[in-house]
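data-v9.pdb follows; it contains PDB, C-alpha atoms, pLDDT in the B column.
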MODEL        1
ATOM      1  CA  MET A   1       0.000   0.000   0.000  1.00 45.00           C
ATOM      2  CA  LYS A   2       2.835   2.355   0.768  1.00 46.00           C
ATOM      3  CA  LEU A   3       4.361   1.781  -2.706  1.00 43.00           C
ATOM      4  CA  LYS A   4       1.078   2.631  -4.410  1.00 47.00           C
ATOM      5  CA  GLY A   5       0.928   5.906  -2.548  1.00 50.00           C
ATOM      6  CA  GLN A   6       4.389   6.822  -3.874  1.00 48.00           C
ATOM      7  CA  ILE A   7       3.625   6.223  -7.563  1.00 43.00           C
ATOM      8  CA  PRO A   8       2.056   9.662  -8.281  1.00 47.00           C
ATOM      9  CA  ASN A   9       5.121  11.378  -6.819  1.00 46.00           C
ATOM     10  CA  LEU A  10       7.424   9.241  -8.939  1.00 39.00           C
ATOM     11  CA  LEU A  11       5.441  10.102 -12.044  1.00 42.00           C
ATOM     12  CA  LEU A  12       5.930  13.803 -11.328  1.00 41.00           C
ATOM     13  CA  PHE A  13       9.692  13.387 -11.500  1.00 39.00           C
ATOM     14  CA  LEU A  14       9.722  11.118 -14.579  1.00 39.00           C
ATOM     15  CA  PRO A  15       9.488  13.902 -17.266  1.00 41.00           C
ATOM     16  CA  VAL A  16      12.351  15.785 -15.620  1.00 37.00           C
ATOM     17  CA  MET A  17      14.481  12.653 -15.555  1.00 35.00           C
ATOM     18  CA  LEU A  18      13.770  11.983 -19.245  1.00 36.00           C
ATOM     19  CA  LEU A  19      14.628  15.581 -20.191  1.00 37.00           C
ATOM     20  CA  ILE A  20      17.967  15.429 -18.417  1.00 34.00           C
ATOM     21  CA  ALA A  21      18.776  12.088 -20.027  1.00 40.00           C
ATOM     22  CA  GLY A  22      17.696  13.204 -23.489  1.00 49.00           C
ATOM     23  CA  CYS A  23      20.726  15.278 -24.496  1.00 46.00           C
ATOM     24  CA  GLN A  24      24.399  14.643 -23.916  1.00 49.00           C
ATOM     25  CA  LEU A  25      27.946  15.168 -25.096  1.00 48.00           C
ATOM     26  CA  VAL A  26      29.806  11.964 -25.886  1.00 45.00           C
ATOM     27  CA  GLU A  27      33.580  11.738 -26.020  1.00 45.00           C
ATOM     28  CA  ASN A  28      34.819  10.672 -29.442  1.00 43.00           C
ATOM     29  CA  ASP A  29      38.334   9.240 -29.518  1.00 40.00           C
ATOM     30  CA  ALA A  30      38.476   8.854 -33.297  1.00 38.00           C
ATOM     31  CA  GLY A  31      41.706  10.274 -34.663  1.00 38.00           C
ATOM     32  CA  GLY A  32      43.047  10.759 -31.175  1.00 37.00           C
ATOM     33  CA  GLU A  33      41.398  14.157 -30.883  1.00 39.00           C
ATOM     34  CA  ASN A  34      39.016  13.148 -28.094  1.00 39.00           C
ATOM     35  CA  GLU A  35      36.501  15.663 -29.423  1.00 53.00           C
ATOM     36  CA  ALA A  36      33.118  15.812 -27.716  1.00 57.00           C
ATOM     37  CA  MET A  37      30.394  14.771 -30.173  1.00 60.00           C
ATOM     38  CA  VAL A  38      26.888  16.085 -29.704  1.00 62.00           C
ATOM     39  CA  SER A  39      24.512  13.184 -29.215  1.00 57.00           C
ATOM     40  CA  SER A  40      20.965  12.561 -28.075  1.00 56.00           C
ATOM     41  CA  THR A  41      18.767   9.811 -26.740  1.00 52.00           C
ATOM     42  CA  PRO A  42      15.064   9.190 -27.466  1.00 50.00           C
ATOM     43  CA  GLY A  43      12.898  11.933 -26.008  1.00 49.00           C
ATOM     44  CA  GLY A  44      15.701  14.501 -26.070  1.00 59.00           C
ATOM     45  CA  ASP A  45      14.763  18.183 -26.120  1.00 85.00           C
ATOM     46  CA  MET A  46      16.666  19.899 -28.953  1.00 85.00           C
ATOM     47  CA  THR A  47      16.151  23.361 -27.464  1.00 92.00           C
ATOM     48  CA  VAL A  48      17.816  22.220 -24.255  1.00 91.00           C
ATOM     49  CA  LEU A  49      20.651  20.655 -26.242  1.00 89.00           C
ATOM     50  CA  VAL A  50      21.271  23.822 -28.267  1.00 94.00           C
ATOM     51  CA  ASP A  51      21.240  25.976 -25.132  1.00 94.00           C
ATOM     52  CA  GLU A  52      23.790  23.565 -23.697  1.00 92.00           C
ATOM     53  CA  ILE A  53      26.254  23.772 -26.596  1.00 92.00           C
ATOM     54  CA  TRP A  54      25.702  27.267 -28.040  1.00 96.00           C
ATOM     55  CA  THR A  55      28.185  29.257 -25.949  1.00 95.00           C
ATOM     56  CA  ASP A  56      30.725  26.521 -25.286  1.00 93.00           C
ATOM     57  CA  LYS A  57      30.868  24.823 -28.689  1.00 95.00           C
ATOM     58  CA  VAL A  58      28.845  26.425 -31.492  1.00 96.00           C
ATOM     59  CA  THR A  59      29.942  30.073 -31.413  1.00 96.00           C
ATOM     60  CA  PRO A  60      33.604  29.313 -30.545  1.00 96.00           C
ATOM     61  CA  HIS A  61      33.829  26.917 -33.503  1.00 96.00           C
ATOM     62  CA  LEU A  62      32.343  29.483 -35.880  1.00 97.00           C
ATOM     63  CA  GLU A  63      34.586  32.266 -34.596  1.00 97.00           C
ATOM     64  CA  ASN A  64      37.708  30.113 -34.923  1.00 96.00           C
ATOM     65  CA  SER A  65      36.966  28.717 -38.384  1.00 96.00           C
ATOM     66  CA  ALA A  66      35.582  31.819 -40.127  1.00 98.00           C
ATOM     67  CA  VAL A  67      37.173  32.974 -43.388  1.00 98.00           C
ATOM     68  CA  ALA A  68      36.830  36.577 -44.539  1.00 98.00           C
ATOM     69  CA  PHE A  69      34.276  36.743 -47.338  1.00 98.00           C
ATOM     70  CA  THR A  70      36.672  38.934 -49.346  1.00 97.00           C
ATOM     71  CA  GLU A  71      38.971  35.871 -49.452  1.00 97.00           C
ATOM     72  CA  LEU A  72      36.241  33.269 -49.782  1.00 97.00           C
ATOM     73  CA  LYS A  73      34.275  34.804 -52.667  1.00 96.00           C
ATOM     74  CA  PRO A  74      37.109  34.719 -55.253  1.00 96.00           C
ATOM     75  CA  ALA A  75      37.795  31.100 -54.309  1.00 96.00           C
ATOM     76  CA  LEU A  76      34.127  30.235 -54.795  1.00 96.00           C
ATOM     77  CA  ASP A  77      34.081  32.021 -58.147  1.00 94.00           C
ATOM     78  CA  ARG A  78      37.069  29.956 -59.321  1.00 94.00           C
ATOM     79  CA  ASP A  79      35.966  26.470 -58.231  1.00 95.00           C
ATOM     80  CA  LEU A  80      33.409  25.403 -55.646  1.00 95.00           C
ATOM     81  CA  ASP A  81      34.984  22.047 -54.806  1.00 93.00           C
ATOM     82  CA  GLU A  82      38.445  23.543 -54.508  1.00 95.00           C
ATOM     83  CA  ALA A  83      37.094  26.250 -52.225  1.00 96.00           C
ATOM     84  CA  GLY A  84      35.247  23.592 -50.261  1.00 95.00           C
ATOM     85  CA  ASN A  85      38.379  21.525 -49.795  1.00 94.00           C
ATOM     86  CA  ASP A  86      40.327  24.603 -48.689  1.00 96.00           C
ATOM     87  CA  TYR A  87      37.751  26.384 -46.541  1.00 97.00           C
ATOM     88  CA  GLY A  88      34.543  24.368 -46.247  1.00 96.00           C
ATOM     89  CA  TYR A  89      33.032  21.400 -44.501  1.00 94.00           C
ATOM     90  CA  ARG A  90      30.513  18.775 -45.514  1.00 90.00           C
ATOM     91  CA  PRO A  91      29.387  16.072 -43.121  1.00 81.00           C
ATOM     92  CA  SER A  92      28.832  13.245 -45.605  1.00 73.00           C
ATOM     93  CA  SER A  93      30.239  11.825 -48.817  1.00 60.00           C
ATOM     94  CA  GLU A  94      31.337  13.554 -51.994  1.00 60.00           C
ATOM     95  CA  GLY A  95      28.446  15.220 -53.786  1.00 67.00           C
ATOM     96  CA  SER A  96      26.758  16.675 -50.699  1.00 85.00           C
ATOM     97  CA  PRO A  97      26.676  20.489 -50.348  1.00 93.00           C
ATOM     98  CA  TRP A  98      29.636  22.419 -49.013  1.00 95.00           C
ATOM     99  CA  ASN A  99      29.152  24.525 -45.887  1.00 97.00           C
ATOM    100  CA  PHE A 100      31.266  27.583 -45.121  1.00 98.00           C
ATOM    101  CA  VAL A 101      31.832  29.839 -42.121  1.00 98.00           C
ATOM    102  CA  THR A 102      32.587  33.454 -42.981  1.00 98.00           C
ATOM    103  CA  LYS A 103      32.941  36.962 -41.649  1.00 98.00           C
ATOM    104  CA  ILE A 104      31.462  39.545 -43.976  1.00 98.00           C
ATOM    105  CA  ASP A 105      31.926  43.330 -43.892  1.00 98.00           C
ATOM    106  CA  GLY A 106      30.108  45.498 -46.387  1.00 97.00           C
ATOM    107  CA  THR A 107      27.355  47.925 -47.293  1.00 97.00           C
ATOM    108  CA  ILE A 108      23.655  47.084 -47.329  1.00 98.00           C
ATOM    109  CA  VAL A 109      22.417  47.742 -50.863  1.00 98.00           C
ATOM    110  CA  ASP A 110      18.966  46.186 -50.588  1.00 97.00           C
ATOM    111  CA  ALA A 111      16.631  45.070 -47.818  1.00 97.00           C
ATOM    112  CA  LYS A 112      13.616  42.807 -48.050  1.00 97.00           C
ATOM    113  CA  THR A 113      11.968  43.286 -44.680  1.00 96.00           C
ATOM    114  CA  ASP A 114       8.276  43.049 -45.573  1.00 95.00           C
ATOM    115  CA  THR A 115       8.354  39.304 -44.956  1.00 96.00           C
ATOM    116  CA  ARG A 116       8.984  37.026 -41.998  1.00 96.00           C
ATOM    117  CA  ALA A 117      11.932  35.600 -43.930  1.00 97.00           C
ATOM    118  CA  ALA A 118      13.624  39.011 -44.074  1.00 97.00           C
ATOM    119  CA  THR A 119      17.003  39.425 -45.793  1.00 98.00           C
ATOM    120  CA  ILE A 120      19.515  42.126 -46.658  1.00 98.00           C
ATOM    121  CA  ASP A 121      21.902  42.279 -49.626  1.00 98.00           C
ATOM    122  CA  ILE A 122      25.541  43.055 -48.919  1.00 98.00           C
ATOM    123  CA  ASP A 123      28.080  44.709 -51.242  1.00 98.00           C
ATOM    124  CA  ILE A 124      31.660  43.988 -50.156  1.00 97.00           C
ATOM    125  CA  ASP A 125      33.608  45.790 -52.923  1.00 95.00           C
ATOM    126  CA  ASP A 126      31.708  49.081 -53.342  1.00 94.00           C
ATOM    127  CA  ASP A 127      30.501  48.323 -56.861  1.00 95.00           C
ATOM    128  CA  GLY A 128      26.880  48.745 -55.847  1.00 94.00           C
ATOM    129  CA  GLN A 129      26.076  45.080 -56.534  1.00 95.00           C
ATOM    130  CA  SER A 130      25.017  42.424 -54.053  1.00 97.00           C
ATOM    131  CA  ASP A 131      27.680  39.851 -53.218  1.00 97.00           C
ATOM    132  CA  ALA A 132      25.741  37.945 -50.548  1.00 97.00           C
ATOM    133  CA  LYS A 133      22.446  37.902 -48.680  1.00 98.00           C
ATOM    134  CA  LEU A 134      22.116  37.855 -44.911  1.00 98.00           C
ATOM    135  CA  GLN A 135      19.088  36.332 -43.166  1.00 98.00           C
ATOM    136  CA  LEU A 136      17.336  38.515 -40.586  1.00 98.00           C
ATOM    137  CA  GLY A 137      14.337  36.335 -39.760  1.00 96.00           C
ATOM    138  CA  PRO A 138      12.310  35.682 -37.767  1.00 96.00           C
ATOM    139  CA  VAL A 139      11.982  32.795 -40.225  1.00 96.00           C
ATOM    140  CA  ILE A 140      15.492  31.422 -40.779  1.00 97.00           C
ATOM    141  CA  ARG A 141      15.728  29.089 -43.757  1.00 96.00           C
ATOM    142  CA  GLY A 142      18.030  26.119 -44.251  1.00 95.00           C
ATOM    143  CA  THR A 143      20.071  23.729 -42.137  1.00 94.00           C
ATOM    144  CA  THR A 144      23.439  25.476 -42.440  1.00 96.00           C
ATOM    145  CA  LEU A 145      24.064  26.013 -38.742  1.00 97.00           C
ATOM    146  CA  ARG A 146      23.615  22.303 -38.107  1.00 93.00           C
ATOM    147  CA  ASP A 147      25.492  21.053 -41.170  1.00 94.00           C
ATOM    148  CA  VAL A 148      28.559  23.267 -40.730  1.00 95.00           C
ATOM    149  CA  LEU A 149      29.370  21.847 -37.278  1.00 94.00           C
ATOM    150  CA  PRO A 150      31.786  18.886 -37.375  1.00 91.00           C
ATOM    151  CA  PHE A 151      30.807  17.709 -33.888  1.00 87.00           C
ATOM    152  CA  ILE A 152      27.222  17.035 -34.973  1.00 86.00           C
ATOM    153  CA  ASP A 153      26.482  13.837 -36.884  1.00 80.00           C
ATOM    154  CA  PHE A 154      23.171  12.345 -37.987  1.00 68.00           C
ATOM    155  CA  THR A 155      24.060   8.896 -36.685  1.00 69.00           C
ATOM    156  CA  SER A 156      24.198  10.300 -33.138  1.00 68.00           C
ATOM    157  CA  PHE A 157      20.485  11.157 -33.240  1.00 71.00           C
ATOM    158  CA  THR A 158      17.379   9.027 -32.994  1.00 69.00           C
ATOM    159  CA  ASP A 159      15.936   9.740 -36.452  1.00 78.00           C
ATOM    160  CA  GLN A 160      15.547  12.316 -39.223  1.00 85.00           C
ATOM    161  CA  ILE A 161      12.743  14.090 -37.366  1.00 87.00           C
ATOM    162  CA  GLU A 162      14.927  14.722 -34.340  1.00 85.00           C
ATOM    163  CA  PHE A 163      17.798  15.829 -36.604  1.00 84.00           C
ATOM    164  CA  ALA A 164      15.459  18.343 -38.281  1.00 88.00           C
ATOM    165  CA  GLN A 165      14.334  19.572 -34.861  1.00 90.00           C
ATOM    166  CA  LEU A 166      17.969  20.222 -33.993  1.00 90.00           C
ATOM    167  CA  SER A 167      18.378  22.410 -37.074  1.00 91.00           C
ATOM    168  CA  ARG A 168      15.252  24.379 -36.220  1.00 95.00           C
ATOM    169  CA  ALA A 169      16.439  24.860 -32.627  1.00 94.00           C
ATOM    170  CA  LEU A 170      19.794  26.206 -33.854  1.00 96.00           C
ATOM    171  CA  ASN A 171      18.056  28.661 -36.210  1.00 97.00           C
ATOM    172  CA  ILE A 172      15.757  29.864 -33.445  1.00 97.00           C
ATOM    173  CA  LYS A 173      18.726  30.304 -31.107  1.00 97.00           C
ATOM    174  CA  ALA A 174      20.563  32.399 -33.696  1.00 97.00           C
ATOM    175  CA  TYR A 175      17.518  34.597 -34.218  1.00 97.00           C
ATOM    176  CA  GLU A 176      16.810  35.066 -30.529  1.00 97.00           C
ATOM    177  CA  SER A 177      20.470  35.711 -29.702  1.00 95.00           C
ATOM    178  CA  VAL A 178      21.417  38.313 -32.310  1.00 96.00           C
ATOM    179  CA  LEU A 179      18.529  39.187 -34.644  1.00 97.00           C
ATOM    180  CA  ALA A 180      15.379  39.605 -32.578  1.00 96.00           C
ATOM    181  CA  ASP A 181      16.297  43.126 -31.413  1.00 95.00           C
ATOM    182  CA  LEU A 182      17.830  44.291 -34.699  1.00 96.00           C
ATOM    183  CA  SER A 183      15.939  47.223 -36.207  1.00 94.00           C
ATOM    184  CA  HIS A 184      14.780  46.788 -39.805  1.00 95.00           C
ATOM    185  CA  ASP A 185      14.372  50.538 -40.356  1.00 94.00           C
ATOM    186  CA  ASP A 186      16.525  52.483 -42.846  1.00 94.00           C
ATOM    187  CA  LEU A 187      19.015  49.685 -43.428  1.00 97.00           C
ATOM    188  CA  ILE A 188      20.102  50.560 -46.973  1.00 97.00           C
ATOM    189  CA  GLY A 189      23.434  52.395 -47.043  1.00 96.00           C
ATOM    190  CA  LYS A 190      24.494  51.235 -43.604  1.00 97.00           C
ATOM    191  CA  ARG A 191      27.552  49.122 -42.912  1.00 97.00           C
ATOM    192  CA  VAL A 192      27.083  45.574 -41.642  1.00 98.00           C
ATOM    193  CA  VAL A 193      29.663  43.284 -40.066  1.00 98.00           C
ATOM    194  CA  ALA A 194      28.534  39.725 -39.431  1.00 98.00           C
ATOM    195  CA  LEU A 195      29.776  36.258 -38.590  1.00 98.00           C
ATOM    196  CA  GLY A 196      27.768  33.380 -39.977  1.00 98.00           C
ATOM    197  CA  ALA A 197      27.543  30.300 -42.158  1.00 98.00           C
ATOM    198  CA  PHE A 198      26.108  29.389 -45.551  1.00 98.00           C
ATOM    199  CA  THR A 199      25.628  26.358 -47.781  1.00 97.00           C
ATOM    200  CA  MET A 200      26.597  26.120 -51.457  1.00 95.00           C
ATOM    201  CA  ARG A 201      24.839  23.439 -53.520  1.00 90.00           C
ATOM    202  CA  LYS A 202      26.103  24.579 -56.910  1.00 88.00           C
ATOM    203  CA  ALA A 203      28.881  26.806 -58.177  1.00 84.00           C
ATOM    204  CA  ASP A 204      26.615  29.640 -59.322  1.00 84.00           C
ATOM    205  CA  GLY A 205      24.267  29.477 -56.340  1.00 87.00           C
ATOM    206  CA  ASP A 206      23.316  32.415 -54.157  1.00 91.00           C
ATOM    207  CA  VAL A 207      25.148  33.005 -50.893  1.00 97.00           C
ATOM    208  CA  LEU A 208      22.587  33.121 -48.068  1.00 98.00           C
ATOM    209  CA  ILE A 209      24.326  33.648 -44.741  1.00 98.00           C
ATOM    210  CA  THR A 210      22.770  32.768 -41.394  1.00 98.00           C
ATOM    211  CA  PRO A 211      24.410  35.090 -38.846  1.00 98.00           C
ATOM    212  CA  VAL A 212      25.382  34.267 -35.277  1.00 97.00           C
ATOM    213  CA  GLU A 213      26.924  37.704 -34.717  1.00 97.00           C
ATOM    214  CA  ILE A 214      25.916  40.959 -36.415  1.00 97.00           C
ATOM    215  CA  GLU A 215      26.503  44.683 -36.112  1.00 96.00           C
ATOM    216  CA  VAL A 216      24.836  47.343 -38.249  1.00 95.00           C
ATOM    217  CA  VAL A 217      26.238  50.875 -38.123  1.00 90.00           C
ATOM    218  CA  VAL A 218      25.861  54.155 -40.029  1.00 82.00           C
ATOM    219  CA  ARG A 219      28.832  54.796 -42.320  1.00 72.00           C
TER
ENDMDL
END
Full structure transcribed into structure tokens:
Amino acid sequence: MKLKGQIPNLLLFLPVMLLIAGCQLVENDAGGENEAMVSSTPGGDMTVLVDEIWTDKVTPHLENSAVAFTELKPALDRDLDEAGNDYGYRPSSEGSPWNFVTKIDGTIVDAKTDTRAATIDIDIDDDGQSDAKLQLGPVIRGTTLRDVLPFIDFTSFTDQIEFAQLSRALNIKAYESVLADLSHDDLIGKRVVALGAFTMRKADGDVLITPVEIEVVVR
């Protein structure tokens, strides 16, 4: 009888226990680097996982691996695969898209802010033409922030649904961290400096950067 009386209390703690167990960092000794791989278990909360790794793993990796877009763009114009081998990352076999981390500094020449998937166009060489687009959200498209991180691998997650949830959680974190309070007023002509990532699926594709750091200032 005493055990039955304890069951409701145990049930109250069960969701908390599952949440804590759902996300983890697993040591990976492959290559002798002992790098912590992001992993999950069934029932894991991707928002909790992203909060857990954002400051300690995600932003430091992006800051340390970023290539100036003034250096990256000519390489992309010459040969996508060569640029990918030199500067990019792709998590699977040959033929999958290349992902790049970059720091871009330029002038805003166009702004599409009348949509929830707002973007700005950046000119890096003062020719008046757009060289890249930067996502402002609140809708952040793509899976770049997930796919550019070498410590995240699909096989460490329960299924494709959970892997997609991870990407969405990373995009939301980027928006809430650096874009939610960014004014969309009078952007054209201002200077923007941003750190972010983008995916290239073909050599002549558009560059759409998802920022994790951004500063907009009057020139």
Exercise. Within 9 Å of (28.3, 19.1, -38.9), all atoms listed in the file: residues as a list of chain:residue names?
Worked result: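 The distance filter leaves exactly A:Tyr89, A:Arg90, A:Pro91, A:Ser92, A:Asn99, A:Thr144, A:Leu145, A:Arg146, A:Asp147, A:Val148, A:Leu149, A:Pro150, A:Phe151, A:Ile152, A:Asp153, A:Phe154.
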For this session: In Å, rounded to a single decimal, give me how far CA of Glu215 in chain A is from CA of Leu72 in chain A.
Result: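 Value for the CA of Leu72 in chain A-CA of Glu215 in chain A distance: 20.3 Å.
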Problem set entry | the PyMOL selection byres ((chain A and resi 118) around 9) applied to the shown file, residues as a PyMOL selection string | chain A and resi 111-117+119-120+134-140+184
Keeping only C-alpha atoms, write the selected residues to a file as a PDB file, in the frame of the given file.
ATOM      1  CA  ALA A 111      16.631  45.070 -47.818  1.00 97.00           C
ATOM      2  CA  LYS A 112      13.616  42.807 -48.050  1.00 97.00           C
ATOM      3  CA  THR A 113      11.968  43.286 -44.680  1.00 96.00           C
ATOM      4  CA  ASP A 114       8.276  43.049 -45.573  1.00 95.00           C
ATOM      5  CA  THR A 115       8.354  39.304 -44.956  1.00 96.00           C
ATOM      6  CA  ARG A 116       8.984  37.026 -41.998  1.00 96.00           C
ATOM      7  CA  ALA A 117      11.932  35.600 -43.930  1.00 97.00           C
ATOM      8  CA  THR A 119      17.003  39.425 -45.793  1.00 98.00           C
ATOM      9  CA  ILE A 120      19.515  42.126 -46.658  1.00 98.00           C
ATOM     10  CA  LEU A 134      22.116  37.855 -44.911  1.00 98.00           C
ATOM     11  CA  GLN A 135      19.088  36.332 -43.166  1.00 98.00           C
ATOM     12  CA  LEU A 136      17.336  38.515 -40.586  1.00 98.00           C
ATOM     13  CA  GLY A 137      14.337  36.335 -39.760  1.00 96.00           C
ATOM     14  CA  PRO A 138      12.310  35.682 -37.767  1.00 96.00           C
ATOM     15  CA  VAL A 139      11.982  32.795 -40.225  1.00 96.00           C
ATOM     16  CA  ILE A 140      15.492  31.422 -40.779  1.00 97.00           C
ATOM     17  CA  HIS A 184      14.780  46.788 -39.805  1.00 95.00           C
TER      18      HIS A 184
END
Problem set entry | Given the PyMOL selection byres ((chain A and resi 101) around 12), the residues it picks as a PyMOL selection string | chain A and resi 58-69+71-73+83-84+86-90+98-100+102-104+144-150+194-200+207-213
Save out the residues we just selected, C-alpha atoms, as a CSV table (one decimal), keeping the file's coordinate frame.
chain,number,residue,atom,x,y,z
A,58,VAL,CA,28.8,26.4,-31.5
A,59,THR,CA,29.9,30.1,-31.4
A,60,PRO,CA,33.6,29.3,-30.5
A,61,HIS,CA,33.8,26.9,-33.5
A,62,LEU,CA,32.3,29.5,-35.9
A,63,GLU,CA,34.6,32.3,-34.6
A,64,ASN,CA,37.7,30.1,-34.9
A,65,SER,CA,37.0,28.7,-38.4
A,66,ALA,CA,35.6,31.8,-40.1
A,67,VAL,CA,37.2,33.0,-43.4
A,68,ALA,CA,36.8,36.6,-44.5
A,69,PHE,CA,34.3,36.7,-47.3
A,71,GLU,CA,39.0,35.9,-49.5
A,72,LEU,CA,36.2,33.3,-49.8
A,73,LYS,CA,34.3,34.8,-52.7
A,83,ALA,CA,37.1,26.2,-52.2
A,84,GLY,CA,35.2,23.6,-50.3
A,86,ASP,CA,40.3,24.6,-48.7
A,87,TYR,CA,37.8,26.4,-46.5
A,88,GLY,CA,34.5,24.4,-46.2
A,89,TYR,CA,33.0,21.4,-44.5
A,90,ARG,CA,30.5,18.8,-45.5
A,98,TRP,CA,29.6,22.4,-49.0
A,99,ASN,CA,29.2,24.5,-45.9
A,100,PHE,CA,31.3,27.6,-45.1
A,102,THR,CA,32.6,33.5,-43.0
A,103,LYS,CA,32.9,37.0,-41.6
A,104,ILE,CA,31.5,39.5,-44.0
A,144,THR,CA,23.4,25.5,-42.4
A,145,LEU,CA,24.1,26.0,-38.7
A,146,ARG,CA,23.6,22.3,-38.1
A,147,ASP,CA,25.5,21.1,-41.2
A,148,VAL,CA,28.6,23.3,-40.7
A,149,LEU,CA,29.4,21.8,-37.3
A,150,PRO,CA,31.8,18.9,-37.4
A,194,ALA,CA,28.5,39.7,-39.4
A,195,LEU,CA,29.8,36.3,-38.6
A,196,GLY,CA,27.8,33.4,-40.0
A,197,ALA,CA,27.5,30.3,-42.2
A,198,PHE,CA,26.1,29.4,-45.6
A,199,THR,CA,25.6,26.4,-47.8
A,200,MET,CA,26.6,26.1,-51.5
A,207,VAL,CA,25.1,33.0,-50.9
A,208,LEU,CA,22.6,33.1,-48.1
A,209,ILE,CA,24.3,33.6,-44.7
A,210,THR,CA,22.8,32.8,-41.4
A,211,PRO,CA,24.4,35.1,-38.8
A,212,VAL,CA,25.4,34.3,-35.3
A,213,GLU,CA,26.9,37.7,-34.7
For this session: Work out how far apart CA of Val216 in chain A and CA of Asp127 in chain A are and give it in Å to one decimal.
Result: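 Straight-line distance from CA of Val216 in chain A to CA of Asp127 in chain A works out to 19.5 Å.
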Exercise. Which is closest to Val192 in chain A among A:Thr70, A:Thr107, A:Ser96, A:Asn85, if we use only C-alpha atoms?
Worked result: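 Closest to Val192 in chain A of all the choices is A:Thr107.
Here CA of Ile122 in chain A is placed at a distance of 20.1 Å from CA of Lys202 in chain A.
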For this session: Convert the output of the PyMOL selection byres ((chain A and resi 128) around 12) on the shown file into explicit residues, formatted as a list in words.
Result: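 This file, filtered by the PyMOL selection byres ((chain A and resi 128) around 12), leaves Gly106, Thr107, Ile108, Val109, Asp110, Asp121, Ile122, Asp123, Ile124, Asp125, Asp126, Asp127, Gln129, Ser130, Asp131, Ile188 and Gly189 of chain A.
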Problem set entry | Residue nearest Asp51 in chain A among A:Val217, A:Ile161, A:Leu76, A:Ala174 (counting all atoms listed in the file) | A:Ala174
For this session: Using only C-alpha atoms, pick whichever of A:Asp159, A:Arg191, A:Leu170, A:Leu80 has the shortest atom-to-atom distance to Val218 in chain A.
Result: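 The closest residue to Val218 in chain A is A:Arg191.
Residue nearest Thr143 in chain A within the list A:Arg219, A:Pro97, A:Pro74, A:Asp185: A:Pro97 [criterion: smallest interatomic distance, only C-alpha atoms].
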